[in-house]
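Structure, as structure tokens:
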Amino acid sequence: MTPTSRAEGPAIVIVAAGRGLRAGGGLPKQWRDLGGRMVLARTIEAFAGFGPICLVLHPEAMGRYPAVEAMAELVVPGGAERAHSVRAGLEALAPLAPDRVLIHDAARPLVPRETIEAVIAALDHGPAAAPGLVLTDALWRVEDGAVAEAPSREGLVRAQTPQGFDFEAILEAHQAHEGPPAADDVAVARAAGLAVTVVPGHENNLKITDAQDFIRAERILGCDMDVRTGNGFDVHAFEAGESLWLCGVEIAHDRGLKGHSDADVGMHALTDAIYGALAHGDIGQHFPPSDPQWKGARSEIFLAHAADLARVEGFAITHCDVTLICERPKIGPHAEAMRAELARIMQIEPGRVSVKATTSERLGFPGREEGIAAMATATLVKA
């Protein structure tokens, strides 16, 4: 965008000129990583499509992160105080002649789109608007480590950004502002006599200030979620018998399955999938076939153990999928019962369990009806 073209929609000033080292990490907070993306990049992305963006940086940071600077239409150096930086951004935007402007802190990367839209909508009815959160906790005034006063919280809100203004009005207010540094742009606007409408803020629109705020922001983004996927595969041959066990359901058949336990090939594959997601080996390591106590054991013992181990380590089994590979018996009539039984054993909802079957088109040992194979996938989540 050229400096003389007129802005479409509100212009945006993103103030990122502070040093912001209180949060640790050895870098100003706006340049630090947050869930795989730089904080400032996330902040700029939140305003994509609303209007031209003017990015205000510390003079020493100019040109240091060209990919981030390329996300904005204008990039200008800031001043010693926040108000100086805002004024620099407003004056850089003046040739675009925007009707409105949103001023936002770079340290609020999680501002929801609906908050931005609410501020813009409020500017249809007044010269200034800003989001605020109603206080719900009691307030104390503390002196010498003790509560000295408990002031009323009635009518108080926690201020957030973006704060929106009629462009000419806030530019003039900043240019005329004198005295001690203003807490924010609303203070500058009120000093100039502008009425400021308050719109609902959002809890996720936190301002990153210290290390704990990074932890909270990552939780909001889901960055601390540990998602694991495990795969399992098992094969059992047919032997003489009148029934067999598949996914916890006994099915009448002219042959059974051969194995040290009850040879439930589907449940074995699923058990190994859960162990795999946990990086805890396989059934044979937990229940060695050389141990006679597992001779003829029900396979639900193995699956329940794997599911319990997942819970002990803080994981939820969010989904599992079992595929049985055989020509016979037909699985379809039993699939729902299998899903219910697997869900019961793992103590999860049946809607998180899938059981299906396929043939091998008469190829290989399943096609020759020499046995049954099973594949399984399990997804575990720790939040």
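If you're wondering about the labels, chains in the structure tokens are A, B, ... by order shown, residues count from 1 in each chain, ligands from 1 in order shown.
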So that I can see what lies close to segment 326-339 of chain A, please list as a ChimeraX atom specification the residues with an atom at most 7 Å from it, counting only C-alpha atoms and leaving out residues fewer than 4 positions away in the same chain.
/A:247-249,253,343,350,353-360,366-367,369,372-373
Those same residues, written as a short mmCIF file (atom, residue, chain, number, x, y, z; two decimals), in the first residue's frame with all heavy atoms?
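The resulting file, selection-v3.cif, is shown below:
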data_model
loop_
_atom_site.label_atom_id
_atom_site.label_comp_id
_atom_site.auth_asym_id
_atom_site.auth_seq_id
_atom_site.Cartn_x
_atom_site.Cartn_y
_atom_site.Cartn_z
N CYS A 247 -12.38 -59.22 19.69
CA CYS A 247 -12.72 -57.94 20.32
C CYS A 247 -13.68 -58.13 21.48
O CYS A 247 -14.64 -57.37 21.67
CB CYS A 247 -13.30 -56.97 19.30
SG CYS A 247 -12.12 -56.48 18.03
N GLY A 248 -13.41 -59.19 22.26
CA GLY A 248 -14.18 -59.42 23.47
C GLY A 248 -15.50 -60.12 23.28
O GLY A 248 -16.24 -60.32 24.25
N VAL A 249 -15.83 -60.53 22.08
CA VAL A 249 -17.12 -61.19 21.80
C VAL A 249 -16.85 -62.61 21.31
O VAL A 249 -16.04 -62.82 20.40
CB VAL A 249 -17.91 -60.40 20.74
CG1 VAL A 249 -19.19 -61.14 20.36
CG2 VAL A 249 -18.25 -59.00 21.26
N HIS A 253 -18.04 -70.49 15.39
CA HIS A 253 -17.32 -70.70 14.12
C HIS A 253 -16.85 -72.14 14.10
O HIS A 253 -16.74 -72.80 15.15
CB HIS A 253 -16.14 -69.74 14.04
CG HIS A 253 -15.52 -69.66 12.67
ND1 HIS A 253 -16.24 -69.40 11.53
CD2 HIS A 253 -14.22 -69.82 12.27
CE1 HIS A 253 -15.43 -69.38 10.50
NE2 HIS A 253 -14.19 -69.64 10.92
N ALA A 343 -15.15 -50.73 24.62
CA ALA A 343 -15.36 -49.50 25.37
C ALA A 343 -15.51 -49.78 26.86
O ALA A 343 -14.98 -49.05 27.71
CB ALA A 343 -16.59 -48.77 24.84
N PRO A 350 -18.47 -45.72 23.86
CA PRO A 350 -18.45 -46.52 22.63
C PRO A 350 -18.24 -45.66 21.38
O PRO A 350 -17.69 -46.15 20.39
CB PRO A 350 -19.84 -47.18 22.62
CG PRO A 350 -20.22 -47.26 24.06
CD PRO A 350 -19.68 -46.01 24.68
N VAL A 353 -14.81 -45.72 19.84
CA VAL A 353 -14.27 -47.01 19.41
C VAL A 353 -14.84 -47.37 18.04
O VAL A 353 -16.04 -47.30 17.81
CB VAL A 353 -14.64 -48.12 20.42
CG1 VAL A 353 -14.04 -49.46 19.98
CG2 VAL A 353 -14.16 -47.75 21.82
N SER A 354 -13.95 -47.77 17.14
CA SER A 354 -14.36 -48.23 15.81
C SER A 354 -13.88 -49.66 15.61
O SER A 354 -12.73 -49.99 15.94
CB SER A 354 -13.76 -47.32 14.73
OG SER A 354 -13.92 -47.89 13.44
N VAL A 355 -14.77 -50.51 15.12
CA VAL A 355 -14.41 -51.88 14.74
C VAL A 355 -14.95 -52.13 13.34
O VAL A 355 -16.13 -51.92 13.08
CB VAL A 355 -14.99 -52.92 15.71
CG1 VAL A 355 -14.67 -54.34 15.21
CG2 VAL A 355 -14.42 -52.73 17.11
N LYS A 356 -14.08 -52.54 12.45
CA LYS A 356 -14.51 -52.84 11.08
C LYS A 356 -13.70 -54.02 10.57
O LYS A 356 -12.76 -54.48 11.24
CB LYS A 356 -14.32 -51.61 10.18
CG LYS A 356 -12.90 -51.09 10.11
CD LYS A 356 -12.87 -49.77 9.35
CE LYS A 356 -11.47 -49.29 9.08
NZ LYS A 356 -10.70 -48.99 10.31
N ALA A 357 -14.08 -54.50 9.39
CA ALA A 357 -13.43 -55.68 8.84
C ALA A 357 -13.21 -55.52 7.34
O ALA A 357 -13.87 -54.72 6.68
CB ALA A 357 -14.26 -56.93 9.11
N THR A 358 -12.25 -56.28 6.85
CA THR A 358 -12.01 -56.34 5.41
C THR A 358 -11.49 -57.74 5.09
O THR A 358 -11.04 -58.48 5.97
CB THR A 358 -11.00 -55.27 4.98
OG1 THR A 358 -10.90 -55.25 3.55
CG2 THR A 358 -9.61 -55.54 5.55
N THR A 359 -11.57 -58.10 3.83
CA THR A 359 -10.95 -59.35 3.38
C THR A 359 -9.64 -59.02 2.69
O THR A 359 -9.33 -57.86 2.43
CB THR A 359 -11.87 -60.10 2.40
OG1 THR A 359 -11.92 -59.36 1.17
CG2 THR A 359 -13.27 -60.26 2.97
N SER A 360 -8.88 -60.04 2.37
CA SER A 360 -7.64 -59.84 1.60
C SER A 360 -7.82 -60.30 0.16
O SER A 360 -6.87 -60.63 -0.53
CB SER A 360 -6.48 -60.59 2.26
OG SER A 360 -6.76 -61.99 2.29
N PRO A 366 -4.82 -64.92 5.22
CA PRO A 366 -6.24 -64.69 5.54
C PRO A 366 -7.14 -65.13 4.39
O PRO A 366 -8.23 -65.67 4.62
CB PRO A 366 -6.31 -63.18 5.75
CG PRO A 366 -4.91 -62.75 6.02
CD PRO A 366 -4.07 -63.66 5.19
N GLY A 367 -6.67 -64.92 3.15
CA GLY A 367 -7.46 -65.32 1.99
C GLY A 367 -7.61 -66.82 1.88
O GLY A 367 -8.63 -67.32 1.39
N GLU A 369 -7.85 -68.63 4.41
CA GLU A 369 -8.55 -68.94 5.65
C GLU A 369 -7.69 -69.80 6.58
O GLU A 369 -8.16 -70.77 7.20
CB GLU A 369 -9.91 -69.61 5.37
CG GLU A 369 -10.86 -68.71 4.61
CD GLU A 369 -12.28 -69.24 4.55
OE1 GLU A 369 -12.77 -69.71 5.60
OE2 GLU A 369 -12.88 -69.18 3.46
N ILE A 372 -6.51 -65.23 11.13
CA ILE A 372 -7.03 -63.86 11.12
C ILE A 372 -5.95 -62.89 11.54
O ILE A 372 -5.16 -63.18 12.45
CB ILE A 372 -8.25 -63.74 12.08
CG1 ILE A 372 -9.38 -64.67 11.65
CG2 ILE A 372 -8.76 -62.29 12.16
CD1 ILE A 372 -10.57 -64.64 12.61
N ALA A 373 -5.89 -61.76 10.84
CA ALA A 373 -4.97 -60.68 11.21
C ALA A 373 -5.78 -59.49 11.69
O ALA A 373 -6.97 -59.34 11.38
CB ALA A 373 -4.09 -60.29 10.02
#
Quick one: residues within 10 Å of Pro109 of chain A, only C-alpha atoms, excluding same-chain residues fewer than 5 positions away - as a ChimeraX atom specification?
/A:30,34,38-47,104,204-208,217
Counting only C-alpha atoms, which of A:Asp226, A:Gly132, A:Leu194, A:Ala173 gets nearest to Gly155 of chain A?
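For Gly155 of chain A, the nearest of the given residues is A:Gly132.
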Backbone-only DSSP, alpha helix (DSSP H) members of segment 15-178 of chain A, as number ranges by chain
A: 39-46, 66-69, 82-93, 113-122, 167-176
Using only C-alpha atoms, can you tell me which of A:Gly35, A:Val134, A:Leu270, A:Asp184 comes closest to Ile215 of chain A?
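Ranked by minimum distance to Ile215 of chain A, first place goes to A:Gly35.
Near segment 128-131 of chain A, within 6 Å and counting only C-alpha atoms, sit Val119, Gln160, Gln163, Gly164, Phe165, Val196, Thr197, Val198, Val199, Pro200 and Gly201 of chain A, not including residues fewer than 5 positions from it in the same chain.
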Keeping only C-alpha atoms, write the selected residues to a file as a short mmCIF file (atom, residue, chain, number, x, y, z; two decimals), in the first residue's frame.
data_model
loop_
_atom_site.label_atom_id
_atom_site.label_comp_id
_atom_site.auth_asym_id
_atom_site.auth_seq_id
_atom_site.Cartn_x
_atom_site.Cartn_y
_atom_site.Cartn_z
CA VAL A 119 -14.81 -2.51 19.19
CA GLN A 160 -7.89 -4.56 27.39
CA GLN A 163 -8.84 0.37 21.84
CA GLY A 164 -10.64 2.00 18.94
CA PHE A 165 -11.01 5.67 18.05
CA VAL A 196 -15.26 5.94 25.61
CA THR A 197 -17.73 3.09 25.18
CA VAL A 198 -16.88 -0.18 26.90
CA VAL A 199 -17.56 -3.45 25.06
CA PRO A 200 -17.17 -6.96 26.52
CA GLY A 201 -13.59 -8.17 26.74
#
Could you give me, as a ChimeraX atom specification, the residues within 9 Å of Lys258 of chain A, counting only C-alpha atoms and dropping anything in the same chain fewer than 4 positions from it?
/A:236-240,262-263,371
Would you return as an MDAnalysis selection string the members of segment 153-376 of chain A that DSSP assigns to strand (DSSP E) on this structure's backbone?
chainID A and resid 157:159 163:166 197:200 226:240 243:246 249:252 255:257 316:325 353:358 371:376
Atom pair atom CA of Ala61 of chain A / atom CA of Gly26 of chain A: separation (Å):
14.4 Å
Which distance in Å separates atom CA of Arg344 of chain A and atom CA of Ala304 of chain A, to one decimal?
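Pair atom CA of Arg344 of chain A / atom CA of Ala304 of chain A returns 9.3 Å.
Coordinates place atom CA of Ala17 of chain A at a distance of 9.7 Å from atom CA of Asp105 of chain A.
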